[in-house]
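Visitor: For reference, the file run.pdb (PDB, C-alpha atoms, pLDDT in the B column) is included below:
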MODEL        1
ATOM      1  CA  MET A   1     115.869  45.230 101.585  1.00 53.00           C
ATOM      2  CA  PRO A   2     114.155  45.903 104.959  1.00 60.00           C
ATOM      3  CA  LYS A   3     117.145  48.051 106.022  1.00 62.00           C
ATOM      4  CA  ILE A   4     116.643  50.306 102.994  1.00 65.00           C
ATOM      5  CA  ASN A   5     112.935  50.741 103.823  1.00 64.00           C
ATOM      6  CA  VAL A   6     113.786  51.543 107.432  1.00 57.00           C
ATOM      7  CA  MET A   7     116.363  54.110 106.267  1.00 58.00           C
ATOM      8  CA  LYS A   8     113.873  55.644 103.802  1.00 64.00           C
ATOM      9  CA  ASN A   9     111.184  55.793 106.479  1.00 61.00           C
ATOM     10  CA  LEU A  10     113.616  57.269 109.009  1.00 56.00           C
ATOM     11  CA  THR A  11     114.817  59.854 106.471  1.00 63.00           C
ATOM     12  CA  LEU A  12     111.229  60.743 105.568  1.00 60.00           C
ATOM     13  CA  PHE A  13     110.287  61.001 109.257  1.00 61.00           C
ATOM     14  CA  LEU A  14     113.273  63.281 109.997  1.00 55.00           C
ATOM     15  CA  PHE A  15     112.460  65.431 106.967  1.00 60.00           C
ATOM     16  CA  VAL A  16     108.825  65.853 108.093  1.00 58.00           C
ATOM     17  CA  LEU A  17     109.998  66.571 111.649  1.00 52.00           C
ATOM     18  CA  LEU A  18     112.395  69.276 110.415  1.00 54.00           C
ATOM     19  CA  ILE A  19     109.662  70.920 108.347  1.00 62.00           C
ATOM     20  CA  ALA A  20     107.328  70.863 111.349  1.00 54.00           C
ATOM     21  CA  LEU A  21     110.002  72.393 113.580  1.00 52.00           C
ATOM     22  CA  PHE A  22     110.849  75.161 111.114  1.00 54.00           C
ATOM     23  CA  SER A  23     107.223  76.039 110.490  1.00 51.00           C
ATOM     24  CA  SER A  24     106.475  76.157 114.228  1.00 50.00           C
ATOM     25  CA  CYS A  25     109.382  78.592 114.733  1.00 49.00           C
ATOM     26  CA  LYS A  26     108.182  80.814 111.903  1.00 51.00           C
ATOM     27  CA  GLN A  27     106.834  84.140 113.104  1.00 54.00           C
ATOM     28  CA  GLY A  28     103.125  84.611 112.477  1.00 61.00           C
ATOM     29  CA  SER A  29     102.127  86.757 109.559  1.00 90.00           C
ATOM     30  CA  ARG A  30     101.712  90.392 110.467  1.00 92.00           C
ATOM     31  CA  GLN A  31      98.434  92.154 109.857  1.00 96.00           C
ATOM     32  CA  LEU A  32      98.025  95.819 109.127  1.00 96.00           C
ATOM     33  CA  VAL A  33      96.287  97.707 111.931  1.00 97.00           C
ATOM     34  CA  THR A  34      96.459 101.090 110.196  1.00 96.00           C
ATOM     35  CA  GLU A  35      98.395 102.556 107.283  1.00 94.00           C
ATOM     36  CA  LYS A  36      98.461 105.985 108.870  1.00 94.00           C
ATOM     37  CA  ILE A  37      98.022 107.198 112.425  1.00 96.00           C
ATOM     38  CA  GLN A  38      99.053 110.554 113.806  1.00 96.00           C
ATOM     39  CA  TYR A  39      99.423 111.410 117.485  1.00 96.00           C
ATOM     40  CA  ASP A  40     101.346 113.690 119.843  1.00 95.00           C
ATOM     41  CA  VAL A  41     103.795 112.595 122.526  1.00 94.00           C
ATOM     42  CA  SER A  42     104.826 114.876 125.386  1.00 93.00           C
ATOM     43  CA  LEU A  43     108.554 115.293 125.879  1.00 92.00           C
ATOM     44  CA  MET A  44     108.124 116.916 129.290  1.00 87.00           C
ATOM     45  CA  SER A  45     105.849 115.575 131.973  1.00 85.00           C
ATOM     46  CA  PRO A  46     102.831 117.830 132.480  1.00 82.00           C
ATOM     47  CA  ASP A  47     102.664 116.744 136.134  1.00 84.00           C
ATOM     48  CA  PRO A  48     105.679 116.820 138.474  1.00 83.00           C
ATOM     49  CA  THR A  49     104.125 114.094 140.646  1.00 87.00           C
ATOM     50  CA  TYR A  50     104.400 111.503 137.843  1.00 86.00           C
ATOM     51  CA  ASP A  51     107.282 109.039 137.830  1.00 85.00           C
ATOM     52  CA  TRP A  52     110.208 110.558 135.905  1.00 81.00           C
ATOM     53  CA  TRP A  53     109.721 108.309 132.859  1.00 83.00           C
ATOM     54  CA  ILE A  54     105.982 108.957 132.349  1.00 83.00           C
ATOM     55  CA  GLN A  55     105.484 111.360 129.438  1.00 82.00           C
ATOM     56  CA  ASN A  56     109.028 112.568 129.874  1.00 83.00           C
ATOM     57  CA  LEU A  57     112.429 112.403 128.275  1.00 84.00           C
ATOM     58  CA  VAL A  58     115.275 113.261 130.611  1.00 85.00           C
ATOM     59  CA  GLY A  59     116.637 116.769 129.921  1.00 84.00           C
ATOM     60  CA  PRO A  60     119.821 115.900 127.988  1.00 89.00           C
ATOM     61  CA  GLN A  61     118.050 113.329 125.773  1.00 91.00           C
ATOM     62  CA  ARG A  62     115.137 115.706 125.151  1.00 91.00           C
ATOM     63  CA  GLU A  63     117.491 118.558 124.239  1.00 93.00           C
ATOM     64  CA  LYS A  64     119.561 116.309 121.983  1.00 95.00           C
ATOM     65  CA  LEU A  65     116.464 115.059 120.130  1.00 95.00           C
ATOM     66  CA  VAL A  66     115.012 118.545 119.668  1.00 96.00           C
ATOM     67  CA  ASP A  67     118.400 119.951 118.600  1.00 96.00           C
ATOM     68  CA  MET A  68     118.831 117.112 116.101  1.00 96.00           C
ATOM     69  CA  MET A  69     115.436 117.773 114.469  1.00 97.00           C
ATOM     70  CA  MET A  70     115.839 121.548 114.419  1.00 97.00           C
ATOM     71  CA  GLN A  71     119.420 121.475 113.175  1.00 97.00           C
ATOM     72  CA  SER A  72     118.565 119.003 110.394  1.00 96.00           C
ATOM     73  CA  ALA A  73     115.745 121.242 109.193  1.00 97.00           C
ATOM     74  CA  LEU A  74     117.519 124.593 109.647  1.00 96.00           C
ATOM     75  CA  GLU A  75     120.681 123.444 107.880  1.00 96.00           C
ATOM     76  CA  GLY A  76     118.754 121.725 105.083  1.00 93.00           C
ATOM     77  CA  GLY A  77     120.212 118.302 105.915  1.00 94.00           C
ATOM     78  CA  VAL A  78     116.710 116.840 105.877  1.00 95.00           C
ATOM     79  CA  GLN A  79     113.909 118.279 103.752  1.00 96.00           C
ATOM     80  CA  ALA A  80     111.197 119.823 105.912  1.00 97.00           C
ATOM     81  CA  TYR A  81     107.539 119.994 104.859  1.00 97.00           C
ATOM     82  CA  ASP A  82     104.657 122.212 105.913  1.00 95.00           C
ATOM     83  CA  TYR A  83     101.307 120.972 107.213  1.00 91.00           C
ATOM     84  CA  PHE A  84     100.107 120.488 103.611  1.00 91.00           C
ATOM     85  CA  ASN A  85     103.193 118.389 102.754  1.00 92.00           C
ATOM     86  CA  GLU A  86     104.788 121.065 100.592  1.00 94.00           C
ATOM     87  CA  PRO A  87     108.579 121.441 100.876  1.00 96.00           C
ATOM     88  CA  ILE A  88     109.742 124.429 102.925  1.00 97.00           C
ATOM     89  CA  THR A  89     113.173 126.027 103.124  1.00 97.00           C
ATOM     90  CA  PRO A  90     115.420 126.656 106.122  1.00 97.00           C
ATOM     91  CA  PHE A  91     114.570 130.364 105.672  1.00 96.00           C
ATOM     92  CA  ASP A  92     110.845 129.552 106.019  1.00 96.00           C
ATOM     93  CA  ILE A  93     111.597 127.699 109.249  1.00 96.00           C
ATOM     94  CA  LYS A  94     113.652 130.608 110.623  1.00 94.00           C
ATOM     95  CA  GLN A  95     110.715 132.939 109.939  1.00 92.00           C
ATOM     96  CA  MET A  96     108.382 130.509 111.685  1.00 91.00           C
ATOM     97  CA  LEU A  97     110.597 130.506 114.789  1.00 93.00           C
ATOM     98  CA  SER A  98     110.343 134.283 115.156  1.00 90.00           C
ATOM     99  CA  ASP A  99     107.044 135.868 114.339  1.00 79.00           C
ATOM    100  CA  THR A 100     106.025 139.461 114.869  1.00 82.00           C
ATOM    101  CA  THR A 101     102.511 140.372 115.917  1.00 80.00           C
ATOM    102  CA  VAL A 102     100.846 143.760 116.128  1.00 85.00           C
ATOM    103  CA  VAL A 103      98.878 144.013 119.361  1.00 84.00           C
ATOM    104  CA  THR A 104      96.478 146.838 120.119  1.00 89.00           C
ATOM    105  CA  PHE A 105      96.388 148.130 123.696  1.00 90.00           C
ATOM    106  CA  ARG A 106      94.341 150.800 125.463  1.00 93.00           C
ATOM    107  CA  ARG A 107      96.136 153.363 127.569  1.00 92.00           C
ATOM    108  CA  ILE A 108      95.313 153.119 131.276  1.00 92.00           C
ATOM    109  CA  GLU A 109      95.106 156.901 131.739  1.00 92.00           C
ATOM    110  CA  PRO A 110      92.767 159.398 130.105  1.00 93.00           C
ATOM    111  CA  PRO A 111      92.009 159.811 127.270  1.00 90.00           C
ATOM    112  CA  TYR A 112      92.278 155.945 127.149  1.00 92.00           C
ATOM    113  CA  GLU A 113      93.269 155.954 123.508  1.00 94.00           C
ATOM    114  CA  LEU A 114      94.280 152.833 121.622  1.00 93.00           C
ATOM    115  CA  PHE A 115      97.850 152.239 120.509  1.00 92.00           C
ATOM    116  CA  ASP A 116      99.611 149.471 118.604  1.00 92.00           C
ATOM    117  CA  SER A 117     102.689 147.688 119.756  1.00 90.00           C
ATOM    118  CA  LEU A 118     104.912 145.169 117.967  1.00 88.00           C
ATOM    119  CA  VAL A 119     105.408 141.970 119.932  1.00 82.00           C
ATOM    120  CA  ILE A 120     108.105 139.568 118.780  1.00 85.00           C
ATOM    121  CA  HIS A 121     107.576 135.936 119.726  1.00 84.00           C
ATOM    122  CA  THR A 122     110.501 133.579 119.353  1.00 91.00           C
ATOM    123  CA  ILE A 123     110.344 129.830 119.696  1.00 93.00           C
ATOM    124  CA  GLU A 124     113.195 128.472 121.786  1.00 93.00           C
ATOM    125  CA  ARG A 125     114.289 124.874 122.344  1.00 91.00           C
ATOM    126  CA  GLU A 126     112.449 124.845 125.704  1.00 93.00           C
ATOM    127  CA  ASP A 127     109.169 125.660 123.919  1.00 94.00           C
ATOM    128  CA  ILE A 128     109.277 122.425 121.909  1.00 96.00           C
ATOM    129  CA  GLN A 129     107.589 120.121 124.383  1.00 94.00           C
ATOM    130  CA  ARG A 130     105.838 117.623 122.118  1.00 96.00           C
ATOM    131  CA  ILE A 131     106.518 115.565 119.016  1.00 97.00           C
ATOM    132  CA  ARG A 132     103.838 114.519 116.544  1.00 97.00           C
ATOM    133  CA  PHE A 133     104.341 111.113 114.955  1.00 97.00           C
ATOM    134  CA  MET A 134     102.972 109.753 111.672  1.00 96.00           C
ATOM    135  CA  GLU A 135     103.187 105.949 111.712  1.00 97.00           C
ATOM    136  CA  GLU A 136     102.031 102.650 110.258  1.00 96.00           C
ATOM    137  CA  TRP A 137     101.045  99.938 112.756  1.00 97.00           C
ATOM    138  CA  THR A 138     101.108  96.169 112.220  1.00 98.00           C
ATOM    139  CA  ILE A 139     100.364  93.331 114.638  1.00 97.00           C
ATOM    140  CA  ASP A 140     101.145  89.632 114.940  1.00 96.00           C
ATOM    141  CA  PRO A 141      97.731  88.118 115.854  1.00 95.00           C
ATOM    142  CA  ALA A 142      99.325  85.099 117.539  1.00 94.00           C
ATOM    143  CA  THR A 143     101.475  87.077 119.977  1.00 94.00           C
ATOM    144  CA  LEU A 144      99.800  90.530 119.830  1.00 96.00           C
ATOM    145  CA  GLN A 145     103.273  91.957 119.283  1.00 96.00           C
ATOM    146  CA  MET A 146     102.926  95.293 117.513  1.00 97.00           C
ATOM    147  CA  GLU A 147     105.396  97.029 115.245  1.00 97.00           C
ATOM    148  CA  LYS A 148     105.348 100.694 114.381  1.00 97.00           C
ATOM    149  CA  LYS A 149     106.982 102.163 111.320  1.00 96.00           C
ATOM    150  CA  ILE A 150     107.618 105.869 111.747  1.00 96.00           C
ATOM    151  CA  TYR A 151     107.019 107.808 108.542  1.00 97.00           C
ATOM    152  CA  GLY A 152     107.360 111.302 109.924  1.00 96.00           C
ATOM    153  CA  ILE A 153     108.013 113.429 112.978  1.00 97.00           C
ATOM    154  CA  ALA A 154     107.004 117.012 113.693  1.00 98.00           C
ATOM    155  CA  PRO A 155     108.266 119.169 116.568  1.00 98.00           C
ATOM    156  CA  ILE A 156     105.425 120.973 118.356  1.00 97.00           C
ATOM    157  CA  ALA A 157     105.977 124.226 120.255  1.00 96.00           C
ATOM    158  CA  ARG A 158     103.958 125.493 123.193  1.00 94.00           C
ATOM    159  CA  ARG A 159     102.820 129.044 122.463  1.00 90.00           C
ATOM    160  CA  ILE A 160     100.953 131.601 124.530  1.00 84.00           C
ATOM    161  CA  ASP A 161      98.992 134.003 122.339  1.00 78.00           C
ATOM    162  CA  ALA A 162      98.290 137.708 122.982  1.00 70.00           C
ATOM    163  CA  GLN A 163      95.183 136.819 125.002  1.00 80.00           C
ATOM    164  CA  GLY A 164      97.205 134.474 127.236  1.00 83.00           C
ATOM    165  CA  ILE A 165      95.712 131.310 125.730  1.00 89.00           C
ATOM    166  CA  GLU A 166      97.964 128.264 125.447  1.00 91.00           C
ATOM    167  CA  ARG A 167      98.137 126.673 122.020  1.00 92.00           C
ATOM    168  CA  TRP A 168     100.323 124.027 120.409  1.00 95.00           C
ATOM    169  CA  GLN A 169     101.953 124.819 117.074  1.00 93.00           C
ATOM    170  CA  PRO A 170     103.300 122.025 114.840  1.00 96.00           C
ATOM    171  CA  LEU A 171     106.362 123.573 113.214  1.00 97.00           C
ATOM    172  CA  PHE A 172     107.102 121.283 110.257  1.00 97.00           C
ATOM    173  CA  TRP A 173     107.244 117.630 109.221  1.00 97.00           C
ATOM    174  CA  LEU A 174     110.412 115.614 108.715  1.00 97.00           C
ATOM    175  CA  TYR A 175     109.605 112.438 106.769  1.00 96.00           C
ATOM    176  CA  THR A 176     111.770 109.339 107.054  1.00 91.00           C
ATOM    177  CA  ASP A 177     110.441 107.507 103.991  1.00 88.00           C
ATOM    178  CA  LYS A 178     110.542 109.087 100.515  1.00 84.00           C
ATOM    179  CA  ASP A 179     107.908 106.666  99.166  1.00 86.00           C
ATOM    180  CA  PHE A 180     105.532 107.816 101.897  1.00 87.00           C
ATOM    181  CA  ILE A 181     105.934 111.447 100.810  1.00 84.00           C
ATOM    182  CA  ASN A 182     104.941 110.458  97.265  1.00 83.00           C
ATOM    183  CA  GLN A 183     101.895 108.573  98.618  1.00 83.00           C
ATOM    184  CA  LEU A 184     100.786 111.709 100.457  1.00 79.00           C
ATOM    185  CA  LYS A 185     100.853 113.697  97.226  1.00 74.00           C
ATOM    186  CA  ASN A 186      98.647 111.184  95.368  1.00 68.00           C
TER
ENDMDL
END
Could you write out this file's structure as structure tokens?

Guide:
Amino acid sequence: MPKINVMKNLTLFLFVLLIALFSSCKQGSRQLVTEKIQYDVSLMSPDPTYDWWIQNLVGPQREKLVDMMMQSALEGGVQAYDYFNEPITPFDIKQMLSDTTVVTFRRIEPPYELFDSLVIHTIEREDIQRIRFMEEWTIDPATLQMEKKIYGIAPIARRIDAQGIERWQPLFWLYTDKDFINQLKN
């Protein structure tokens, strides 16, 4: 009879030990940091003195990423959305990439009259120097390991307006999660 008790106790001890081991290996529960955060990331370093990897994607990778986003939107492979989360067509995007502005100038010789001129601005691959991300962030409090879930990406073009002022134009959103799009509409 004592052998049976020893075996039961040993089995119980091993069972408790296994449970303790499995629960200690279990990853901590993740906590939501934010459901939605939006921020811009530079694709090209604004400062040539920075190390090559700071705020920079190497040329071929940058071009491939930009081409992939633009091609997906222009060919209709991925639905693009405007700033207000309304679907837009490839035609809308093509119009966005080439806009015509009427600029009024003054002649430099007498009688210094005003005249209008059409200026056509086209957005080229090289103009897309940033990407805007829409993400959800979670964190494991025990390890401080963060996870980001990307819901959407938006290419952003550098533009110089008629007055010579630099501005950044988000072109469109490409969402990676259909449920997220529905949440935005509610």

Visitor: Spell out the residues picked by the PyMOL selection byres ((chain A and resi 43) around 10) here, as a PyMOL selection string.

Guide: chain A and resi 40-42+44-46+53-59+61-63+65-66+128-131+156

Visitor: Next, dump the selected residues to file, keeping only C-alpha atoms, as a PDB file, keeping the file's coordinate frame.

Guide:
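Generated output (result-v4.pdb):
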ATOM      1  CA  ASP A  40     101.346 113.690 119.843  1.00 95.00           C
ATOM      2  CA  VAL A  41     103.795 112.595 122.526  1.00 94.00           C
ATOM      3  CA  SER A  42     104.826 114.876 125.386  1.00 93.00           C
ATOM      4  CA  MET A  44     108.124 116.916 129.290  1.00 87.00           C
ATOM      5  CA  SER A  45     105.849 115.575 131.973  1.00 85.00           C
ATOM      6  CA  PRO A  46     102.831 117.830 132.480  1.00 82.00           C
ATOM      7  CA  TRP A  53     109.721 108.309 132.859  1.00 83.00           C
ATOM      8  CA  ILE A  54     105.982 108.957 132.349  1.00 83.00           C
ATOM      9  CA  GLN A  55     105.484 111.360 129.438  1.00 82.00           C
ATOM     10  CA  ASN A  56     109.028 112.568 129.874  1.00 83.00           C
ATOM     11  CA  LEU A  57     112.429 112.403 128.275  1.00 84.00           C
ATOM     12  CA  VAL A  58     115.275 113.261 130.611  1.00 85.00           C
ATOM     13  CA  GLY A  59     116.637 116.769 129.921  1.00 84.00           C
ATOM     14  CA  GLN A  61     118.050 113.329 125.773  1.00 91.00           C
ATOM     15  CA  ARG A  62     115.137 115.706 125.151  1.00 91.00           C
ATOM     16  CA  GLU A  63     117.491 118.558 124.239  1.00 93.00           C
ATOM     17  CA  LEU A  65     116.464 115.059 120.130  1.00 95.00           C
ATOM     18  CA  VAL A  66     115.012 118.545 119.668  1.00 96.00           C
ATOM     19  CA  ILE A 128     109.277 122.425 121.909  1.00 96.00           C
ATOM     20  CA  GLN A 129     107.589 120.121 124.383  1.00 94.00           C
ATOM     21  CA  ARG A 130     105.838 117.623 122.118  1.00 96.00           C
ATOM     22  CA  ILE A 131     106.518 115.565 119.016  1.00 97.00           C
ATOM     23  CA  ILE A 156     105.425 120.973 118.356  1.00 97.00           C
TER      24      ILE A 156
END

Visitor: Considering all atoms listed in the file, give me a table of residues in region 44-103 of chain A that are at most 12 Å from region 138-152 of chain A, with the closest atom pair and distance in Å for each, as CSV.

Guide:
residue,atom,partner,partner_atom,distance
A:Met69,CA,A:Gly152,CA,11.3
A:Val78,CA,A:Gly152,CA,11.6
A:Gln79,CA,A:Gly152,CA,11.4
A:Ala80,CA,A:Gly152,CA,10.2
A:Tyr81,CA,A:Gly152,CA,10.1
A:Asp82,CA,A:Gly152,CA,11.9
A:Tyr83,CA,A:Gly152,CA,11.7
A:Asn85,CA,A:Gly152,CA,10.9

Visitor: Just need the box for region 64-74 of chain A, edges along x, y and z, holding every atom the file lists for it with 6 Å tacked onto each side, so centre and edge lengths in Å to one decimal, as JSON.

Guide:
{"center_x": 117.3, "center_y": 119.8, "center_z": 115.6, "size_x": 16.5, "size_y": 21.5, "size_z": 24.8}

Visitor: Here's the selection I'm unsure about, the PyMOL selection byres ((chain A and resi 92) around 12); applied to the file above, which residues does it give, as an MDAnalysis selection string?

Guide: chainID A and resid 73:76 79:82 86:91 93:99 171:172

Visitor: May I have the residues at most 9 Å from (108.3, 138.9, 117.7) in the file's coordinates, counting only C-alpha atoms, as a list in words?

Guide: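 Neighbouring residues, ordered by chain and number, come to Ser98, Asp99, Thr100, Thr101, Leu118, Val119, Ile120, His121 and Thr122 of chain A.
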
Visitor: Of the residues A:Phe133, A:Glu166, A:Thr104, A:Glu35, which is the one nearest to Phe180 (chain A), using only C-alpha atoms?

Guide: A:Glu35

Visitor: Give the answer as one residue: which of A:Asp116, A:Glu136, A:Glu109, A:Glu126 has the shortest atom-to-atom distance to Tyr39 (chain A), using all atoms listed in the file?

Guide: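 Closest to Tyr39 (chain A), using all atoms listed in the file: A:Glu136.
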
Visitor: Quick one, how far is CA of Val103 (chain A) from CA of Ile160 (chain A)?

Guide: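 One can read the CA of Val103 (chain A) to CA of Ile160 (chain A) distance as 13.6 Å.
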
Visitor: Between CA of Pro155 (chain A) and CA of Trp173 (chain A), what is the spacing in Å?

Guide: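 Distance between the two atoms: 7.6 Å.
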
Visitor: Report the distance between CA of Gln183 (chain A) and CA of Arg30 (chain A) in Å, rounded to one decimal place.

Guide: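 Atom-to-atom, CA of Gln183 (chain A) and CA of Arg30 (chain A) are spaced 21.7 Å apart.
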
Visitor: Is there a way to complete region 26-47 of chain A with N, CA and C atoms and then write that out as an mmCIF file, in the coordinates of the input?

Guide:
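And here's result_33.cif as it stands now:
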data_model
loop_
_atom_site.group_PDB
_atom_site.id
_atom_site.type_symbol
_atom_site.label_atom_id
_atom_site.label_comp_id
_atom_site.auth_asym_id
_atom_site.auth_seq_id
_atom_site.Cartn_x
_atom_site.Cartn_y
_atom_site.Cartn_z
ATOM 1 N N LYS A 26 108.441 79.685 112.788
ATOM 2 C CA LYS A 26 108.182 80.814 111.903
ATOM 3 C C LYS A 26 107.265 81.821 112.602
ATOM 4 N N GLN A 27 107.640 83.092 112.510
ATOM 5 C CA GLN A 27 106.834 84.140 113.104
ATOM 6 C C GLN A 27 105.508 84.232 112.355
ATOM 7 N N GLY A 28 104.435 84.483 113.095
ATOM 8 C CA GLY A 28 103.125 84.611 112.477
ATOM 9 C C GLY A 28 103.105 85.755 111.490
ATOM 10 N N SER A 29 102.200 85.683 110.548
ATOM 11 C CA SER A 29 102.127 86.757 109.559
ATOM 12 C C SER A 29 101.560 88.007 110.221
ATOM 13 N N ARG A 30 102.115 89.123 109.871
ATOM 14 C CA ARG A 30 101.712 90.392 110.467
ATOM 15 C C ARG A 30 100.494 90.924 109.717
ATOM 16 N N GLN A 31 99.619 91.547 110.454
ATOM 17 C CA GLN A 31 98.434 92.154 109.857
ATOM 18 C C GLN A 31 98.496 93.660 110.067
ATOM 19 N N LEU A 32 98.048 94.368 109.062
ATOM 20 C CA LEU A 32 98.025 95.819 109.127
ATOM 21 C C LEU A 32 96.920 96.270 110.077
ATOM 22 N N VAL A 33 97.272 97.096 111.044
ATOM 23 C CA VAL A 33 96.287 97.707 111.931
ATOM 24 C C VAL A 33 95.821 99.018 111.305
ATOM 25 N N THR A 34 96.783 99.843 110.889
ATOM 26 C CA THR A 34 96.459 101.090 110.196
ATOM 27 C C THR A 34 97.645 101.519 109.337
ATOM 28 N N GLU A 35 97.342 102.044 108.166
ATOM 29 C CA GLU A 35 98.395 102.556 107.283
ATOM 30 C C GLU A 35 98.943 103.878 107.790
ATOM 31 N N LYS A 36 98.070 104.652 108.431
ATOM 32 C CA LYS A 36 98.461 105.985 108.870
ATOM 33 C C LYS A 36 97.772 106.312 110.185
ATOM 34 N N ILE A 37 98.571 106.676 111.179
ATOM 35 C CA ILE A 37 98.022 107.198 112.425
ATOM 36 C C ILE A 37 98.924 108.330 112.874
ATOM 37 N N GLN A 38 98.309 109.364 113.389
ATOM 38 C CA GLN A 38 99.053 110.554 113.806
ATOM 39 C C GLN A 38 98.681 110.854 115.250
ATOM 40 N N TYR A 39 99.692 111.088 116.084
ATOM 41 C CA TYR A 39 99.423 111.410 117.485
ATOM 42 C C TYR A 39 100.602 112.177 118.071
ATOM 43 N N ASP A 40 100.326 112.888 119.174
ATOM 44 C CA ASP A 40 101.346 113.690 119.843
ATOM 45 C C ASP A 40 101.870 112.961 121.071
ATOM 46 N N VAL A 41 103.149 113.154 121.343
ATOM 47 C CA VAL A 41 103.795 112.595 122.526
ATOM 48 C C VAL A 41 104.462 113.747 123.272
ATOM 49 N N SER A 42 104.181 113.847 124.566
ATOM 50 C CA SER A 42 104.826 114.876 125.386
ATOM 51 C C SER A 42 106.276 114.507 125.638
ATOM 52 N N LEU A 43 107.139 115.497 125.565
ATOM 53 C CA LEU A 43 108.554 115.293 125.879
ATOM 54 C C LEU A 43 108.856 115.665 127.327
ATOM 55 N N MET A 44 107.976 116.490 127.899
ATOM 56 C CA MET A 44 108.124 116.916 129.290
ATOM 57 C C MET A 44 106.850 116.566 130.034
ATOM 58 N N SER A 45 107.008 115.975 131.187
ATOM 59 C CA SER A 45 105.849 115.575 131.973
ATOM 60 C C SER A 45 105.007 116.795 132.340
ATOM 61 N N PRO A 46 103.693 116.709 132.115
ATOM 62 C CA PRO A 46 102.831 117.830 132.480
ATOM 63 C C PRO A 46 102.561 117.883 133.986
ATOM 64 N N ASP A 47 102.957 116.829 134.706
ATOM 65 C CA ASP A 47 102.664 116.744 136.134
ATOM 66 C C ASP A 47 103.921 116.313 136.888
#
